[in-house]
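Undergrad: If you scroll down you'll find the structure; I have some questions about it.
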Amino acid sequence: MATDVLDVLRTKRDGGTLTDEQIRFFLDGYTAGTIADEQAAALLMAIVWRGLDRRELSTWTAAMIASGERLDLSSVGRPTVDKHSTGGVGDKVSLVLVPLVAACGAAVPQLSGRGLGHTGGTLDKLESIPGWRAALSNAEVLALLGEVGAVICAAGDGLAPADRRLYALRDVTATVEAVPLIASSIMAKKIAEGTDALVLDVKVGAGAFLPSLEQARILAETMVGLGADHGVRTVALLTDMEAPLGRACGNALEVVEAIEVLQGGGPPDVRALTLSLAAEMLGLAGLGSADPAAALDDGSALDTLDRMVRAQGGDPDGPLEQAEHVRTVPSPAAGFVRRLDARAVGVAAWRLGAGRARKEDPVSAAAGVVCLAKPGDPVEAGQPLLELHAEDEARFDAAVAALAGAVEIGPEPAEPRPLIIDRIA
Ligand code: URA
């Protein structure tokens, strides 16, 4: 019997299970333009309510991958392994981790998207380096992986094109926050990128895409299962995103902090998380005896970043933009910082110009927030807690408004939160 689009919609609407044929018919038709946006929107909303079981989700993801090309990295000559983060505030880990893992002998093909909303994108951060170019051909990606072992670039239009159309539709139909849709969207792009193995950094807490531990765990388990179904060895770490990671939030500000970590210094949480993720990646790549801490301390990871940036047209020694206007937010009382809300800091950085509301908006390289005090730190009344950077002074009021209630000061420090909450394999 011929597959019918209305049957697909009715089946999911009524809580039934879709066949593999129905799923392929739907995603192929939507990518080819023979199934309309309103029909796809109806199916997405039915999936939000009814879900997809493991077999349906695996087929859904396979069909998204098959809508485009799957890169073949077999000529690279090193084991390939990548990392994906579900997005956090001040999360500059990729800038350190990608060259670090490459310096330890693996090849890291990080094909990324841009930041949207209150979390920043790695491509936007790297674009604050003068001359650096995000768009590379597949041939350039392969050459860089062979020569340097590391590449961070924009995912081309050929990777999982069904996801690009579906994601744009989800964005305007309130169907983004559904675990099967998020998991398939992330994993289809990562699997299509051709990596042999993948480590997922699934954020939990105020600044995370899905703040609750329960939802983050389900997302992590679902993505690890999809990796296994598609032959990509996958491990997930659930990590804390209640407060921003490190101190700097904003594109050029984060590049400076990432370089400090690559020089063996930097904020301890950024170093610790990077080293935990590196150990997982190297383990999956069969390079578990490598010593990533030594590669940070001896400069070899920094040297790999320099080579990667130069190969993509950037000048690693070039001047980074600095904001013309800087304003501080003082502590209202003496005591200890008990809480610093990552989402509020992310929204403030975004309002200062560091992020975009629509994907075609420009971002400011220099704008952002520096957290001068973090949870656990003692502070005096009036001491600067946050430093706001902007190119346009008119942006300060909206950023300060976003920070109302974001910092809690108390007489005692709060119990420290673990950075790594759980590991799912
Ligand atoms: N990031 C993605 O790539 N897809 C989603 O659905 C959500 C976050």
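Within each chain, counting starts at residue 1; across the structure tokens, chains are named A, B, ... in the order shown, with ligands numbered 1 upward in that order.
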Could you go through segment 3-251 of chain A and tell me which residues DSSP, when run on the backbone, assigns to helix (DSSP H, G or I), listing them as a ChimeraX atom specification?
TA: /A:5-13,20-32,37-50,54-66,74-76,93-103,122-126,138-147,161-171,179-192,213-229,251
Undergrad: Give as a compact mmCIF listing (two decimals) with all heavy atoms, in the first residue's frame the residues surrounding ligand 1 up to a distance of 7 Å, considering only C-alpha atoms and all ligand atoms.
TA:
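And here is the file that came out, result35.txt:
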# COMPACT_ATOMS: atom_id res chain seq x y z
N THR A 86 25.88 20.72 24.76
CA THR A 86 24.51 21.17 24.53
C THR A 86 24.38 22.68 24.75
O THR A 86 23.30 23.24 24.61
CB THR A 86 23.49 20.40 25.41
OG1 THR A 86 23.87 20.57 26.77
CG2 THR A 86 23.45 18.94 25.04
N TYR A 167 14.77 22.25 11.79
CA TYR A 167 15.11 23.08 12.94
C TYR A 167 14.48 24.47 12.80
O TYR A 167 13.93 25.03 13.76
CB TYR A 167 16.63 23.19 13.13
CG TYR A 167 16.97 23.74 14.48
CD1 TYR A 167 17.02 22.91 15.60
CD2 TYR A 167 17.17 25.10 14.67
CE1 TYR A 167 17.28 23.43 16.86
CE2 TYR A 167 17.43 25.62 15.93
CZ TYR A 167 17.49 24.77 17.01
OH TYR A 167 17.74 25.28 18.26
N VAL A 176 10.90 22.96 19.70
CA VAL A 176 12.35 22.70 19.88
C VAL A 176 12.58 21.78 21.08
O VAL A 176 13.33 20.81 20.99
CB VAL A 176 13.13 24.03 20.05
CG1 VAL A 176 14.57 23.76 20.49
CG2 VAL A 176 13.15 24.80 18.73
N LEU A 181 13.49 15.01 19.34
CA LEU A 181 13.84 15.94 18.25
C LEU A 181 15.21 16.57 18.49
O LEU A 181 15.99 16.74 17.55
CB LEU A 181 12.75 17.01 18.11
CG LEU A 181 11.36 16.47 17.73
CD1 LEU A 181 10.34 17.60 17.70
CD2 LEU A 181 11.41 15.76 16.38
N ILE A 182 15.52 16.88 19.73
CA ILE A 182 16.85 17.45 20.03
C ILE A 182 17.93 16.39 19.77
O ILE A 182 18.94 16.64 19.12
CB ILE A 182 16.95 17.93 21.50
CG1 ILE A 182 15.91 19.00 21.81
CG2 ILE A 182 18.34 18.44 21.81
CD1 ILE A 182 15.77 19.31 23.30
N ALA A 183 17.69 15.19 20.31
CA ALA A 183 18.71 14.13 20.21
C ALA A 183 18.98 13.78 18.75
O ALA A 183 20.15 13.66 18.33
CB ALA A 183 18.24 12.89 20.98
N SER A 185 18.48 15.65 16.11
CA SER A 185 19.06 16.81 15.43
C SER A 185 20.57 16.88 15.70
O SER A 185 21.38 17.04 14.78
CB SER A 185 18.35 18.07 15.93
OG SER A 185 19.04 19.23 15.60
N ILE A 186 20.94 16.75 16.96
CA ILE A 186 22.37 16.83 17.31
C ILE A 186 23.12 15.64 16.72
O ILE A 186 24.17 15.78 16.08
CB ILE A 186 22.55 16.87 18.85
CG1 ILE A 186 22.00 18.19 19.41
CG2 ILE A 186 24.01 16.66 19.24
CD1 ILE A 186 21.96 18.26 20.93
Undergrad: What does the distance between atom CA of Thr19 of chain A and atom CA of Ala174 of chain A come to in Å, to one decimal place?
TA: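 Going from atom CA of Thr19 of chain A over to atom CA of Ala174 of chain A, I get 25.4 Å.
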Undergrad: Nearest to Ala168 of chain A: which of A:Asp7, A:Leu44, A:Leu219, A:Val400 is it, counting only C-alpha atoms?
TA: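 Closest candidate: A:Leu44.
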Undergrad: Can you list, as a list in words, every protein, DNA or RNA residue that comes within 7 Å of Thr239 of chain A when you count only C-alpha atoms, leaving out same-chain residues fewer than 4 positions away?
TA: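 The contact residues come out as Asp201, Val202, Lys203, Val204, Leu419, Ile420 and Ile421 of chain A.
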Undergrad: Output all heavy atoms for every residue in the selection just made, as an mmCIF file, in the first residue's frame.
TA:
data_model
loop_
_atom_site.group_PDB
_atom_site.id
_atom_site.type_symbol
_atom_site.label_atom_id
_atom_site.label_comp_id
_atom_site.auth_asym_id
_atom_site.auth_seq_id
_atom_site.Cartn_x
_atom_site.Cartn_y
_atom_site.Cartn_z
ATOM 1 N N ASP A 201 28.918 16.688 26.091
ATOM 2 C CA ASP A 201 28.906 17.444 27.338
ATOM 3 C C ASP A 201 27.483 17.972 27.493
ATOM 4 O O ASP A 201 27.110 18.960 26.848
ATOM 5 C CB ASP A 201 29.929 18.585 27.262
ATOM 6 C CG ASP A 201 29.963 19.421 28.529
ATOM 7 O OD1 ASP A 201 29.237 19.091 29.499
ATOM 8 O OD2 ASP A 201 30.723 20.411 28.550
ATOM 9 N N VAL A 202 26.688 17.269 28.297
ATOM 10 C CA VAL A 202 25.276 17.640 28.444
ATOM 11 C C VAL A 202 25.153 18.493 29.704
ATOM 12 O O VAL A 202 25.427 18.027 30.823
ATOM 13 C CB VAL A 202 24.380 16.389 28.517
ATOM 14 C CG1 VAL A 202 22.913 16.793 28.690
ATOM 15 C CG2 VAL A 202 24.544 15.559 27.239
ATOM 16 N N LYS A 203 24.790 19.752 29.502
ATOM 17 C CA LYS A 203 24.785 20.711 30.608
ATOM 18 C C LYS A 203 23.516 20.599 31.435
ATOM 19 O O LYS A 203 22.429 20.356 30.895
ATOM 20 C CB LYS A 203 24.868 22.135 30.052
ATOM 21 C CG LYS A 203 26.075 22.392 29.173
ATOM 22 C CD LYS A 203 27.329 22.420 29.993
ATOM 23 C CE LYS A 203 28.514 22.912 29.193
ATOM 24 N NZ LYS A 203 29.758 22.712 29.944
ATOM 25 N N VAL A 204 23.672 20.844 32.740
ATOM 26 C CA VAL A 204 22.561 20.780 33.696
ATOM 27 C C VAL A 204 22.587 22.070 34.512
ATOM 28 O O VAL A 204 23.662 22.502 34.925
ATOM 29 C CB VAL A 204 22.775 19.604 34.682
ATOM 30 C CG1 VAL A 204 21.636 19.532 35.691
ATOM 31 C CG2 VAL A 204 22.941 18.279 33.946
ATOM 32 N N LEU A 419 31.425 19.633 39.463
ATOM 33 C CA LEU A 419 31.473 20.054 38.057
ATOM 34 C C LEU A 419 30.971 18.923 37.150
ATOM 35 O O LEU A 419 30.233 19.151 36.199
ATOM 36 C CB LEU A 419 32.923 20.416 37.726
ATOM 37 C CG LEU A 419 33.226 21.053 36.394
ATOM 38 C CD1 LEU A 419 32.457 22.342 36.210
ATOM 39 C CD2 LEU A 419 34.730 21.331 36.293
ATOM 40 N N ILE A 420 31.409 17.690 37.465
ATOM 41 C CA ILE A 420 30.957 16.529 36.678
ATOM 42 C C ILE A 420 29.902 15.822 37.529
ATOM 43 O O ILE A 420 30.210 15.309 38.607
ATOM 44 C CB ILE A 420 32.108 15.552 36.393
ATOM 45 C CG1 ILE A 420 33.360 16.273 35.907
ATOM 46 C CG2 ILE A 420 31.662 14.423 35.440
ATOM 47 C CD1 ILE A 420 33.399 16.692 34.499
ATOM 48 N N ILE A 421 28.684 15.779 37.030
ATOM 49 C CA ILE A 421 27.584 15.229 37.816
ATOM 50 C C ILE A 421 27.431 13.740 37.576
ATOM 51 O O ILE A 421 27.149 12.970 38.499
ATOM 52 C CB ILE A 421 26.274 15.987 37.455
ATOM 53 C CG1 ILE A 421 26.455 17.461 37.815
ATOM 54 C CG2 ILE A 421 25.064 15.390 38.168
ATOM 55 C CD1 ILE A 421 25.444 18.388 37.162
#
Undergrad: Got a sec: who's within 9 Å of segment 245-260 of chain A, counting only C-alpha atoms, leaving out chain neighbours fewer than 6 positions off, as JSON, numbers by chain?
TA: {"A": [88, 89, 90, 91, 92, 93, 94, 95, 96, 120, 121, 122, 124, 125, 126, 127, 128, 129, 266, 267, 268, 269, 270, 271, 302, 320, 321, 322, 342, 345, 346, 349, 350, 353, 354, 355, 363, 364, 365, 366, 367, 368, 369, 370, 371, 372, 373, 374, 389]}
Undergrad: Just want the 7 Å neighbourhood of Asp82 of chain A, counted on only C-alpha atoms, with same-chain residues fewer than 6 positions away dropped. Output as number ranges by chain.
TA: A: 108-110, 195, 197-199
Undergrad: Among segment 172-413 of chain A, which ones does DSSP assign to strand (DSSP E) (computed from the backbone)? Answer as a JSON list (two decimals) with N, CA and C atoms, in the first residue's frame.
TA:
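And here's selection-v7.json as it stands now:
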[["chain", "number", "residue", "atom", "x", "y", "z"],
["A", 197, "ALA", "N", 34.13, 8.49, 16.99],
["A", 197, "ALA", "CA", 33.72, 8.48, 18.39],
["A", 197, "ALA", "C", 33.32, 9.89, 18.80],
["A", 198, "LEU", "N", 32.53, 9.98, 19.88],
["A", 198, "LEU", "CA", 31.97, 11.28, 20.26],
["A", 198, "LEU", "C", 31.80, 11.34, 21.77],
["A", 199, "VAL", "N", 32.18, 12.48, 22.34],
["A", 199, "VAL", "CA", 31.91, 12.74, 23.75],
["A", 199, "VAL", "C", 30.92, 13.90, 23.83],
["A", 200, "LEU", "N", 29.86, 13.69, 24.60],
["A", 200, "LEU", "CA", 28.81, 14.70, 24.73],
["A", 200, "LEU", "C", 28.93, 15.37, 26.08],
["A", 201, "ASP", "N", 28.92, 16.69, 26.09],
["A", 201, "ASP", "CA", 28.91, 17.44, 27.34],
["A", 201, "ASP", "C", 27.48, 17.97, 27.49],
["A", 202, "VAL", "N", 26.69, 17.27, 28.30],
["A", 202, "VAL", "CA", 25.28, 17.64, 28.44],
["A", 202, "VAL", "C", 25.15, 18.49, 29.70],
["A", 203, "LYS", "N", 24.79, 19.75, 29.50],
["A", 203, "LYS", "CA", 24.78, 20.71, 30.61],
["A", 203, "LYS", "C", 23.52, 20.60, 31.43],
["A", 204, "VAL", "N", 23.67, 20.84, 32.74],
["A", 204, "VAL", "CA", 22.56, 20.78, 33.70],
["A", 204, "VAL", "C", 22.59, 22.07, 34.51],
["A", 233, "ARG", "N", 31.06, 5.32, 18.69],
["A", 233, "ARG", "CA", 31.25, 5.11, 20.13],
["A", 233, "ARG", "C", 30.98, 6.44, 20.83],
["A", 234, "THR", "N", 30.03, 6.45, 21.77],
["A", 234, "THR", "CA", 29.60, 7.73, 22.36],
["A", 234, "THR", "C", 29.51, 7.62, 23.88],
["A", 235, "VAL", "N", 30.05, 8.62, 24.55],
["A", 235, "VAL", "CA", 29.98, 8.74, 26.01],
["A", 235, "VAL", "C", 29.44, 10.13, 26.31],
["A", 236, "ALA", "N", 28.63, 10.26, 27.37],
["A", 236, "ALA", "CA", 28.15, 11.59, 27.76],
["A", 236, "ALA", "C", 28.58, 11.90, 29.19],
["A", 237, "LEU", "N", 28.99, 13.13, 29.43],
["A", 237, "LEU", "CA", 29.17, 13.63, 30.80],
["A", 237, "LEU", "C", 28.05, 14.63, 31.06],
["A", 238, "LEU", "N", 27.41, 14.50, 32.23],
["A", 238, "LEU", "CA", 26.45, 15.53, 32.66],
["A", 238, "LEU", "C", 27.26, 16.52, 33.49],
["A", 239, "THR", "N", 27.27, 17.79, 33.11],
["A", 239, "THR", "CA", 28.15, 18.74, 33.81],
["A", 239, "THR", "C", 27.37, 19.99, 34.24],
["A", 240, "ASP", "N", 27.89, 20.61, 35.29],
["A", 240, "ASP", "CA", 27.16, 21.70, 35.93],
["A", 240, "ASP", "C", 27.20, 23.00, 35.12],
["A", 248, "ALA", "N", 34.99, 34.57, 31.83],
["A", 248, "ALA", "CA", 34.68, 35.39, 30.65],
["A", 248, "ALA", "C", 33.50, 34.82, 29.88],
["A", 249, "CYS", "N", 32.55, 35.69, 29.50],
["A", 249, "CYS", "CA", 31.41, 35.31, 28.67],
["A", 249, "CYS", "C", 31.30, 36.34, 27.56],
["A", 325, "HIS", "N", 33.44, 50.62, 25.93],
["A", 325, "HIS", "CA", 32.79, 51.00, 27.18],
["A", 325, "HIS", "C", 32.77, 49.82, 28.15],
["A", 326, "VAL", "N", 33.16, 50.07, 29.41],
["A", 326, "VAL", "CA", 33.16, 49.02, 30.43],
["A", 326, "VAL", "C", 32.45, 49.59, 31.66],
["A", 327, "ARG", "N", 31.53, 48.81, 32.22],
["A", 327, "ARG", "CA", 30.82, 49.26, 33.43],
["A", 327, "ARG", "C", 30.83, 48.11, 34.42],
["A", 328, "THR", "N", 30.91, 48.41, 35.71],
["A", 328, "THR", "CA", 30.91, 47.31, 36.68],
["A", 328, "THR", "C", 29.60, 47.28, 37.47],
["A", 329, "VAL", "N", 29.27, 46.09, 37.96],
["A", 329, "VAL", "CA", 28.10, 45.91, 38.83],
["A", 329, "VAL", "C", 28.65, 45.58, 40.22],
["A", 330, "PRO", "N", 28.35, 46.44, 41.22],
["A", 330, "PRO", "CA", 28.95, 46.22, 42.54],
["A", 330, "PRO", "C", 28.17, 45.21, 43.39],
["A", 335, "GLY", "N", 30.02, 39.48, 52.23],
["A", 335, "GLY", "CA", 29.71, 38.07, 52.51],
["A", 335, "GLY", "C", 30.36, 37.18, 51.47],
["A", 336, "PHE", "N", 29.66, 36.11, 51.11],
["A", 336, "PHE", "CA", 30.17, 35.17, 50.09],
["A", 336, "PHE", "C", 29.18, 35.11, 48.93],
["A", 337, "VAL", "N", 29.71, 34.95, 47.72],
["A", 337, "VAL", "CA", 28.82, 34.73, 46.57],
["A", 337, "VAL", "C", 28.28, 33.30, 46.72],
["A", 338, "ARG", "N", 26.94, 33.21, 46.86],
["A", 338, "ARG", "CA", 26.33, 31.87, 47.02],
["A", 338, "ARG", "C", 25.81, 31.35, 45.68],
["A", 339, "ARG", "N", 25.38, 32.26, 44.82],
["A", 339, "ARG", "CA", 24.81, 31.84, 43.54],
["A", 339, "ARG", "C", 25.09, 32.91, 42.50],
["A", 340, "LEU", "N", 25.42, 32.48, 41.27],
["A", 340, "LEU", "CA", 25.59, 33.41, 40.15],
["A", 340, "LEU", "C", 24.89, 32.73, 38.99],
["A", 368, "GLY", "N", 30.53, 41.56, 26.15],
["A", 368, "GLY", "CA", 30.37, 40.41, 27.04],
["A", 368, "GLY", "C", 30.42, 40.80, 28.50],
["A", 369, "VAL", "N", 30.52, 39.76, 29.34],
["A", 369, "VAL", "CA", 30.52, 39.94, 30.79],
["A", 369, "VAL", "C", 31.72, 39.21, 31.36],
["A", 370, "VAL", "N", 32.44, 39.84, 32.28],
["A", 370, "VAL", "CA", 33.49, 39.12, 33.01],
["A", 370, "VAL", "C", 33.01, 38.99, 34.45],
["A", 371, "CYS", "N", 32.99, 37.75, 34.95],
["A", 371, "CYS", "CA", 32.55, 37.50, 36.34],
["A", 371, "CYS", "C", 33.78, 37.67, 37.23],
["A", 378, "PRO", "N", 34.70, 35.28, 48.67],
["A", 378, "PRO", "CA", 34.28, 36.33, 49.61],
["A", 378, "PRO", "C", 34.27, 37.69, 48.91],
["A", 379, "VAL", "N", 33.30, 38.54, 49.28],
["A", 379, "VAL", "CA", 33.25, 39.88, 48.67],
["A", 379, "VAL", "C", 32.93, 40.92, 49.73],
["A", 384, "PRO", "N", 33.36, 45.40, 42.94],
["A", 384, "PRO", "CA", 32.80, 45.00, 41.63],
["A", 384, "PRO", "C", 32.66, 43.48, 41.51],
["A", 385, "LEU", "N", 31.45, 43.04, 41.12],
["A", 385, "LEU", "CA", 31.17, 41.61, 40.95],
["A", 385, "LEU", "C", 31.24, 41.19, 39.50],
["A", 386, "LEU", "N", 30.72, 42.07, 38.66],
["A", 386, "LEU", "CA", 30.63, 41.75, 37.23],
["A", 386, "LEU", "C", 31.12, 42.96, 36.45],
["A", 387, "GLU", "N", 31.79, 42.68, 35.32],
["A", 387, "GLU", "CA", 32.28, 43.76, 34.47],
["A", 387, "GLU", "C", 31.56, 43.61, 33.13],
["A", 388, "LEU", "N", 30.85, 44.64, 32.71],
["A", 388, "LEU", "CA", 30.09, 44.57, 31.47],
["A", 388, "LEU", "C", 30.86, 45.30, 30.37],
["A", 389, "HIS", "N", 31.00, 44.65, 29.22],
["A", 389, "HIS", "CA", 31.76, 45.24, 28.09],
["A", 389, "HIS", "C", 30.80, 45.44, 26.91],
["A", 390, "ALA", "N", 30.80, 46.64, 26.33],
["A", 390, "ALA", "CA", 29.92, 46.89, 25.19],
["A", 390, "ALA", "C", 30.56, 47.90, 24.24],
["A", 407, "VAL", "N", 22.59, 37.42, 41.36],
["A", 407, "VAL", "CA", 23.68, 37.13, 42.30],
["A", 407, "VAL", "C", 23.09, 37.07, 43.70],
["A", 408, "GLU", "N", 23.44, 36.04, 44.45],
["A", 408, "GLU", "CA", 22.99, 35.94, 45.84],
["A", 408, "GLU", "C", 24.23, 36.01, 46.73],
["A", 409, "ILE", "N", 24.21, 36.95, 47.68],
["A", 409, "ILE", "CA", 25.32, 37.09, 48.63],
["A", 409, "ILE", "C", 24.80, 36.66, 50.00],
["A", 410, "GLY", "N", 25.55, 35.85, 50.73],
["A", 410, "GLY", "CA", 25.10, 35.41, 52.05],
["A", 410, "GLY", "C", 26.27, 35.38, 53.02]]
Undergrad: Which residue gives the smallest distance to Arg423 of chain A among A:Ser276, A:Ser112, A:Thr119, A:Gln22, with only C-alpha atoms counted?
TA: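 Counting only C-alpha atoms, the residue closest to Arg423 of chain A is A:Ser276.
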Undergrad: Can you list, as a PyMOL selection string, every protein, DNA or RNA residue that comes within 7 Å of segment 285-299 of chain A when you count only C-alpha atoms, leaving out same-chain residues fewer than 3 positions away?
TA: chain A and resi 79-81+100+103-104+106+197+262-264+275+278-279+281-282+302-303
Undergrad: Please produce a file of those selected residues containing C-alpha atoms, as a PDB file, in the first residue's frame.
TA:
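Below you can see selection-v9.pdb, which holds the result:
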ATOM      1  CA  PRO A  79      41.613   7.949  15.098  1.00  0.00           C
ATOM      2  CA  THR A  80      38.859  10.572  14.886  1.00  0.00           C
ATOM      3  CA  VAL A  81      36.902  11.786  17.902  1.00  0.00           C
ATOM      4  CA  LEU A 100      44.585  19.628  23.031  1.00  0.00           C
ATOM      5  CA  ALA A 103      48.197  17.442  20.274  1.00  0.00           C
ATOM      6  CA  CYS A 104      47.727  14.082  22.038  1.00  0.00           C
ATOM      7  CA  ALA A 106      43.798  12.064  17.698  1.00  0.00           C
ATOM      8  CA  ALA A 197      33.719   8.480  18.393  1.00  0.00           C
ATOM      9  CA  LEU A 262      46.308  26.622  26.811  1.00  0.00           C
ATOM     10  CA  GLN A 263      49.253  28.354  28.520  1.00  0.00           C
ATOM     11  CA  GLY A 264      48.770  26.135  31.580  1.00  0.00           C
ATOM     12  CA  LEU A 275      40.843  17.655  31.034  1.00  0.00           C
ATOM     13  CA  ALA A 278      39.939  15.130  26.910  1.00  0.00           C
ATOM     14  CA  ALA A 279      40.430  11.948  28.965  1.00  0.00           C
ATOM     15  CA  MET A 281      37.901  11.489  24.072  1.00  0.00           C
ATOM     16  CA  LEU A 282      41.383   9.999  24.205  1.00  0.00           C
ATOM     17  CA  LEU A 302      48.712  26.001  22.213  1.00  0.00           C
ATOM     18  CA  ASP A 303      51.043  25.351  19.290  1.00  0.00           C
TER      19      ASP A 303
END
Undergrad: How many Å lie between atom CA of Glu214 of chain A and atom CA of Ala46 of chain A, rounded to one decimal?
TA: 22.1 Å
Undergrad: Measuring between only C-alpha atoms, which one of A:Ala160, A:Leu403, A:Ala414, A:Val98 shows the shortest distance to Gly376 of chain A?
TA: A:Ala414
